[in-house]
Protein chains: 2
Amino acid sequence: MARTVGSNGARTAKAIREAGVHLIYKHGYEAMSLRQLAAEVGLQSGSLYKYFENKQSLLFDIVRDHMEDLITKAAAAMEGVEGPVERLKAYVDFHLRYHMTRSAHVFIANMEIRSLDAPHRATVVDMRRQYEGLLEQALRDGAAAGLFRVPEPKVATYAIISMLTGICMWYRSDGRLSQDALVQIYTDLVLEGVSRPEGVALAEAVAVLPAGGRRRARA
Amino acid sequence: MARTVGSNGARTAKAIREAGVHLIYKHGYEAMSLRQLAAEVGLQSGSLYKYFENKQSLLFDIVRDHMEDLITKAAAAMEGVEGPVERLKAYVDFHLRYHMTRSAHVFIANMEIRSLDAPHRATVVDMRRQYEGLLEQALRDGAAAGLFRVPEPKVATYAIISMLTGICMWYRSDGRLSQDALVQIYTDLVLEGVSRPEGVALAEAVAVLPAGGRRRARA
DNA sequence: TCAGGAAACAATCGAACGTTCTTTTTTTAC
DNA sequence: GTAAAAAAAGAACGTTCGATTGTTTCCTGA
């Protein structure tokens with residue numbers, strides 16, 4: 001046999017991409033063989049090379065497209081949202097929902113960076129910095145406005161992103177808690193964690209409240 | 001050649017274990033070849049089989065020993081510590097410091113579970129549950145005592161552990177911030193995140209403080 | 001001192017790896 | 001209708017893989 005009945009390049013390309021994501025998620029990039037991948041989409045392994053240059057570029061394409069998607073959609077989710085608290089909320093909301101529905105892509109983008117060769121890795125690391133920057137800026141703005149207590153914005157950024165991303169390790173769409181409920185829980189954790197105890201300008205709070213009672217106003 | 005001058009079983013076994021951790025951390029379990037590992041410790045690949053049954057059991061031994069270490073030391077760190085707040089602090093402190101110094105082991109134990117065969121995986125998953133249970137119980141106790149606001153202890157447990165564990169993705173011992181400083185930052189984030197806004201029994205706080213000032217007392 | 005156990009080498013197995021190339025079949029365009 | 005283009009098969013390549021086995025050398029204790 002050669003070209004098969006009903007075969008279609010665009011459809012095959014899409015199937016390869018999806019099967020690739022699935023297999024890399026399940027077994028890891030190095031552990032996924034191209035013969036496995038070919039079998040998954042009903043091809044011979046050699047035929048895959050009509051669709052990518054080599055195995056490495058398949059991985060890079062998957063990761064790059066994911067990161068672009070992530071950055072674009074996060075920026076869109078925060079666009080027009082005013083105020084650090086609301087922007088932080090928007091980020092948390094987007095990040096959680098995205099990670100609940102795209103756990104495979106997320107896992108690959110986070111774990112298989114080490115499998116990328118140096119130039120590809122540099123590109124991805126830079127994109128990740130962009131994505132983290134969106135959160136970090138909201139935290140810095142909130143701290144500058146006296147709304148957040150964030151002594152180390154970089155650390156807080158890493159901490160929050162780690163916390164939120166962890167959800168894709170256990171979330172199941174048929175689980176007990178809805179997406180909305182989970183977003184609420186995590187949002188509370190994050191906001192309580194970073195909010196300035198006084199909720200108003202520090203000096204003001206120190207002056208006004210008794211020592212034992214100086215605490216937070218919820219955002 | 002055969003047996004080499006100065007060769008010693010115990011020393012070689014230790015060297016294999018350490019090189020194994022290093023290589024799995026760097027390249028992943030599947031991507032690490034036994035020839036690589038053998039070269040790292042100065043052996044032929046066949047000689048490795050004096051020290052483990054097969055590649056799979058090398059991975060399992062590494063992960064099991066790590067999990068045992070983690071559980072034992074966490075329990076020891078919390079032993080005799082009274083009160084949910086202090087127990088939570090002790091857990092956070094231990095977890096962070098451990099993960100700052102053992103990032104390779106931690107990474108392997110978290111990421112290579114999928115590379116374990118079913119029975120081995122079940123064992124490790126159970127150990128992980130034990131470890132998570134230590135934190136979850138502290139959160140439940142704190143909630144029951146009215147100290148914490150934790151509507152979903154399981155979710156909070158996962159969230160906190162994810163947040164803390166993330167530190168091993170970027171912490172460097174020669175970085176700007178000391179271990180103590182980082183522990184302080186993370187402890188604040190966690191405690192603020194889960195503490196009940198009032199910090200004392202709810203009814204009491206409502207009665208005593210003015211509306212705008214009703215908030216937390218730090219633990 | 002020397003026998004037995006410990007430690008490692010060296011050769012080898014079949015299978016699987018990523019990749020390349022040629023051939024064959026189907027689809028499309030004129 | 002037919003030629004060009006697209007899609008996939010299928011064979012083959014040199015490597016490397018985890019694992020097995022038989023042999024050689026070193027160490028140690030009675």
# chains A, B, ... in the order shown; residues from 1 in each chain; ligands from 1
>>> residues_around(residues="Val92 in chain A", least_positions_apart="3", cutoff="8 Å", atoms="only C-alpha atoms (C1' of nucleotides)", output="list in words")
Leu88, Lys89, His95, Leu96, Leu164, Val183, Tyr186 and Thr187 of chain A
>>> calpha_fit_rmsd(fixed="chain A", moving="chain B")
0.7 Å
>>> interface_residues(of="chain A", to="chain B", cutoff="9 Å", atoms="only C-alpha atoms", output="PyMOL selection string")
chain A and resi 26-31+111+114-115+150-152+155-156+158-167+170+182+185-186+188-195+197-198+209+212-218
>>> interface_residues(of="chain D", to="chain B", cutoff="6 Å", atoms="only C-alpha atoms (C1' of nucleotides)", output="count of residues only")
3
>>> residues_around(residues="Gln137 in chain A", least_positions_apart="2", cutoff="10 Å", atoms="only C-alpha atoms (C1' of nucleotides)", output="ChimeraX atom specification")
/A:84,87-88,132-135,139-143,153-154,157
>>> closest_residue(among="B:His120, B:Gly20, B:Ser47, B:Lys14", to="chain C", atoms="only C-alpha atoms (C1' of nucleotides)")
B:Ser47
>>> interface_residues(of="chain C", to="chain B", cutoff="9 Å", atoms="only C-alpha atoms (C1' of nucleotides)", output="list in words")
DA6, DA7, DA8, DC9 and DA10 of chain C
>>> select_by_dssp(residues="range 39-157 of chain B", states="alpha helix (DSSP H)", output="MDAnalysis selection string")
chainID B and resid 39:41 55:78 84:101 103:111 118:144 153:157
>>> atom_distance(atom1="CA of Ala76 in chain A", atom2="CA of His22 in chain A")
27.1 Å
>>> atom_distance(atom1="CA of His66 in chain B", atom2="CA of Asp126 in chain B")
13.5 Å
>>> atom_distance(atom1="CA of Tyr98 in chain B", atom2="CA of Ala75 in chain B")
13.0 Å
>>> residues_around(residues="Lys73 in chain A", least_positions_apart="5", cutoff="12 Å", atoms="only C-alpha atoms (C1' of nucleotides)", output="PyMOL selection string")
chain A and resi 66-68+78-79+90-91+93-95+97-98+131+134
>>> write_last_selection(atoms="C-alpha atoms", output="compact mmCIF listing (two decimals), in the first residue's frame")
# COMPACT_ATOMS: atom_id res chain seq x y z
CA HIS A 66 1.29 26.14 24.14
CA MET A 67 3.30 28.99 25.60
CA GLU A 68 2.03 31.40 22.98
CA MET A 78 -6.33 40.74 32.32
CA GLU A 79 -6.88 43.32 29.61
CA ALA A 90 -8.16 37.56 36.90
CA TYR A 91 -4.76 35.91 36.64
CA ASP A 93 -8.93 32.59 37.63
CA PHE A 94 -7.48 32.22 34.16
CA HIS A 95 -4.49 30.20 35.25
CA ARG A 97 -9.19 27.15 34.54
CA TYR A 98 -6.60 26.85 31.82
CA TYR A 131 4.03 34.78 31.49
CA LEU A 134 2.12 39.32 34.22
>>> residues_around(residues="Ile62 in chain B", least_positions_apart="2", cutoff="10 Å", atoms="only C-alpha atoms (C1' of nucleotides)", output="list in words")
Arg17, Glu18, Gly20, Val21, Ser57, Leu58, Leu59, Phe60, Arg64, Asp65, His66, Met67, His105, Ile108 and Ala109 of chain B
